[in-house]
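Step one of this worksheet: look at the structure below.
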Amino acid sequence: MDENYVSIPAADGCPSLLTPWGSEFAPMIERGVQCAQAWLNTPGDVPLWWELAQARKTCPAGDSQDAFEAGFLLRIQQRLQGVLP
């Protein structure tokens with residue numbers, strides 16, 4: 001694994017996923033992963049798109065938002081890969 005890029009930790013039986021983002025974006029990526037995980041762990045009526053749209057507003061525009069979204073969506077991708085055949 002390339003040490004210059006941030007990885008999403010393994011989850012739901014899926015391996016870690018490498019992002020195209022350098023370590024300077026690690027906090028935003030981790031925040032995206034945590035936000036997605038919180039949504040996955042909390043049963044409720046909040047749609048996924050709403051959670052992402054609201055959470056990304058708290059990030060600075062540009063690369064930081066993109067890194068947050070990458071973390072968020074890659075964590076969701078891991079869950080989907082873990083439950084789909």
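To be explicit about the labels: the chains of the structure tokens are called A, B, and onward in the order shown, and within each one the residues are counted from 1, while ligands get numbers from 1 in the order they are shown.
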Tell me, as an NGL selection string, which residues lie within 10 Å of Gln65 of chain A, counting only C-alpha atoms; anything in the same chain fewer than 3 positions away does not count.
-> :A and (25 or 28-29 or 32 or 55-62 or 68-71)
Write the residues of the selection above to a file with N, CA, C and O atoms, as a compact mmCIF listing (two decimals), in the first residue's frame.
```
# COMPACT_ATOMS: atom_id res chain seq x y z
N PHE A 25 -4.92 15.43 3.97
CA PHE A 25 -6.39 15.35 3.97
C PHE A 25 -6.92 14.26 4.89
O PHE A 25 -8.13 14.02 4.94
N MET A 28 -9.98 15.07 7.18
CA MET A 28 -11.26 15.21 6.49
C MET A 28 -11.79 13.86 6.04
O MET A 28 -12.99 13.59 6.12
N ILE A 29 -10.91 13.00 5.58
CA ILE A 29 -11.32 11.65 5.17
C ILE A 29 -11.84 10.88 6.37
O ILE A 29 -12.91 10.25 6.31
N GLY A 32 -15.24 12.01 7.26
CA GLY A 32 -16.23 11.45 6.35
C GLY A 32 -16.57 10.01 6.69
O GLY A 32 -17.74 9.62 6.71
N ALA A 55 -23.63 17.32 6.16
CA ALA A 55 -22.30 17.18 6.75
C ALA A 55 -21.23 17.85 5.90
O ALA A 55 -20.31 18.46 6.44
N ARG A 56 -21.35 17.77 4.60
CA ARG A 56 -20.31 18.36 3.75
C ARG A 56 -20.30 19.88 3.84
O ARG A 56 -19.28 20.51 3.59
N LYS A 57 -21.41 20.47 4.26
CA LYS A 57 -21.45 21.93 4.42
C LYS A 57 -20.54 22.42 5.53
O LYS A 57 -20.22 23.60 5.58
N THR A 58 -20.17 21.52 6.44
CA THR A 58 -19.30 21.91 7.55
C THR A 58 -17.83 21.90 7.16
O THR A 58 -16.98 22.27 7.97
N CYS A 59 -17.52 21.46 5.93
CA CYS A 59 -16.14 21.39 5.45
C CYS A 59 -15.83 22.60 4.57
O CYS A 59 -16.70 23.09 3.87
N PRO A 60 -14.57 23.04 4.60
CA PRO A 60 -14.18 24.10 3.68
C PRO A 60 -14.40 23.64 2.23
O PRO A 60 -14.19 22.46 1.91
N ALA A 61 -14.83 24.55 1.38
CA ALA A 61 -15.08 24.21 -0.03
C ALA A 61 -13.78 23.78 -0.71
O ALA A 61 -12.69 24.16 -0.29
N GLY A 62 -13.93 22.97 -1.74
CA GLY A 62 -12.78 22.55 -2.53
C GLY A 62 -12.30 21.17 -2.16
O GLY A 62 -13.09 20.27 -1.90
N PHE A 68 -13.60 14.74 2.25
CA PHE A 68 -14.66 14.31 3.17
C PHE A 68 -15.62 13.37 2.45
O PHE A 68 -15.97 12.30 2.95
N GLU A 69 -16.06 13.78 1.26
CA GLU A 69 -17.00 12.96 0.49
C GLU A 69 -16.40 11.61 0.13
O GLU A 69 -17.09 10.60 0.15
N ALA A 70 -15.11 11.59 -0.20
CA ALA A 70 -14.44 10.33 -0.52
C ALA A 70 -14.50 9.39 0.68
O ALA A 70 -14.85 8.21 0.54
N GLY A 71 -14.17 9.89 1.85
CA GLY A 71 -14.24 9.07 3.06
C GLY A 71 -15.64 8.57 3.33
O GLY A 71 -15.85 7.39 3.64
```
DSSP alpha helix (DSSP H) residues within chain A, as a count of residues only | 46
Hey, what's within 9 Å of segment 34-50 of chain A if we count only C-alpha atoms and toss same-chain stuff fewer than 2 positions away? As a list in words, please?
->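 The residues satisfying every condition are Ile29, Glu30, Arg31, Gly32, Leu52, Ala53, Gln54, Ala55, Gly71, Phe72, Leu73, Leu74, Arg75, Ile76 and Arg79 of chain A.
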Using the chain letters and numbers from this document, which residues of chain A does DSSP assign to strand (DSSP E or B), as an MDAnalysis selection string?
-> chainID A and resid 5:8 11 14 17:22
Please write the residues from the selection above to a file, keeping N, CA and C atoms, as a compact mmCIF listing (two decimals), in the first residue's frame.
```txt
# COMPACT_ATOMS: atom_id res chain seq x y z
N TYR A 5 -0.62 7.95 0.47
CA TYR A 5 -2.05 8.13 0.34
C TYR A 5 -2.77 7.61 1.57
N VAL A 6 -3.92 8.18 1.84
CA VAL A 6 -4.73 7.77 3.00
C VAL A 6 -5.60 6.59 2.59
N SER A 7 -5.73 5.63 3.50
CA SER A 7 -6.60 4.48 3.28
C SER A 7 -7.78 4.53 4.24
N ILE A 8 -8.90 4.04 3.77
CA ILE A 8 -10.08 3.84 4.61
C ILE A 8 -9.88 2.50 5.30
N ALA A 11 -13.62 -2.68 6.87
CA ALA A 11 -14.89 -2.70 7.59
C ALA A 11 -15.86 -3.63 6.90
N CYS A 14 -14.83 -6.09 4.32
CA CYS A 14 -14.17 -5.56 3.13
C CYS A 14 -12.79 -5.02 3.50
N LEU A 17 -9.52 0.51 1.77
CA LEU A 17 -9.59 1.09 0.43
C LEU A 17 -8.66 2.29 0.36
N LEU A 18 -7.81 2.30 -0.63
CA LEU A 18 -6.87 3.40 -0.83
C LEU A 18 -7.57 4.56 -1.50
N THR A 19 -7.32 5.76 -0.99
CA THR A 19 -7.88 6.96 -1.61
C THR A 19 -6.80 7.64 -2.45
N PRO A 20 -7.18 8.57 -3.29
CA PRO A 20 -6.18 9.33 -4.05
C PRO A 20 -5.73 10.58 -3.29
N TRP A 21 -5.96 10.62 -1.98
CA TRP A 21 -5.68 11.80 -1.18
C TRP A 21 -4.46 11.59 -0.30
N GLY A 22 -3.63 12.62 -0.23
CA GLY A 22 -2.44 12.59 0.60
C GLY A 22 -2.77 12.77 2.07
```
Rounded to one decimal place, report the atom CA of Ser16 of chain A-atom CA of Ser64 of chain A distance in Å.
->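 Calculated distance between atom CA of Ser16 of chain A and atom CA of Ser64 of chain A is 20.8 Å.
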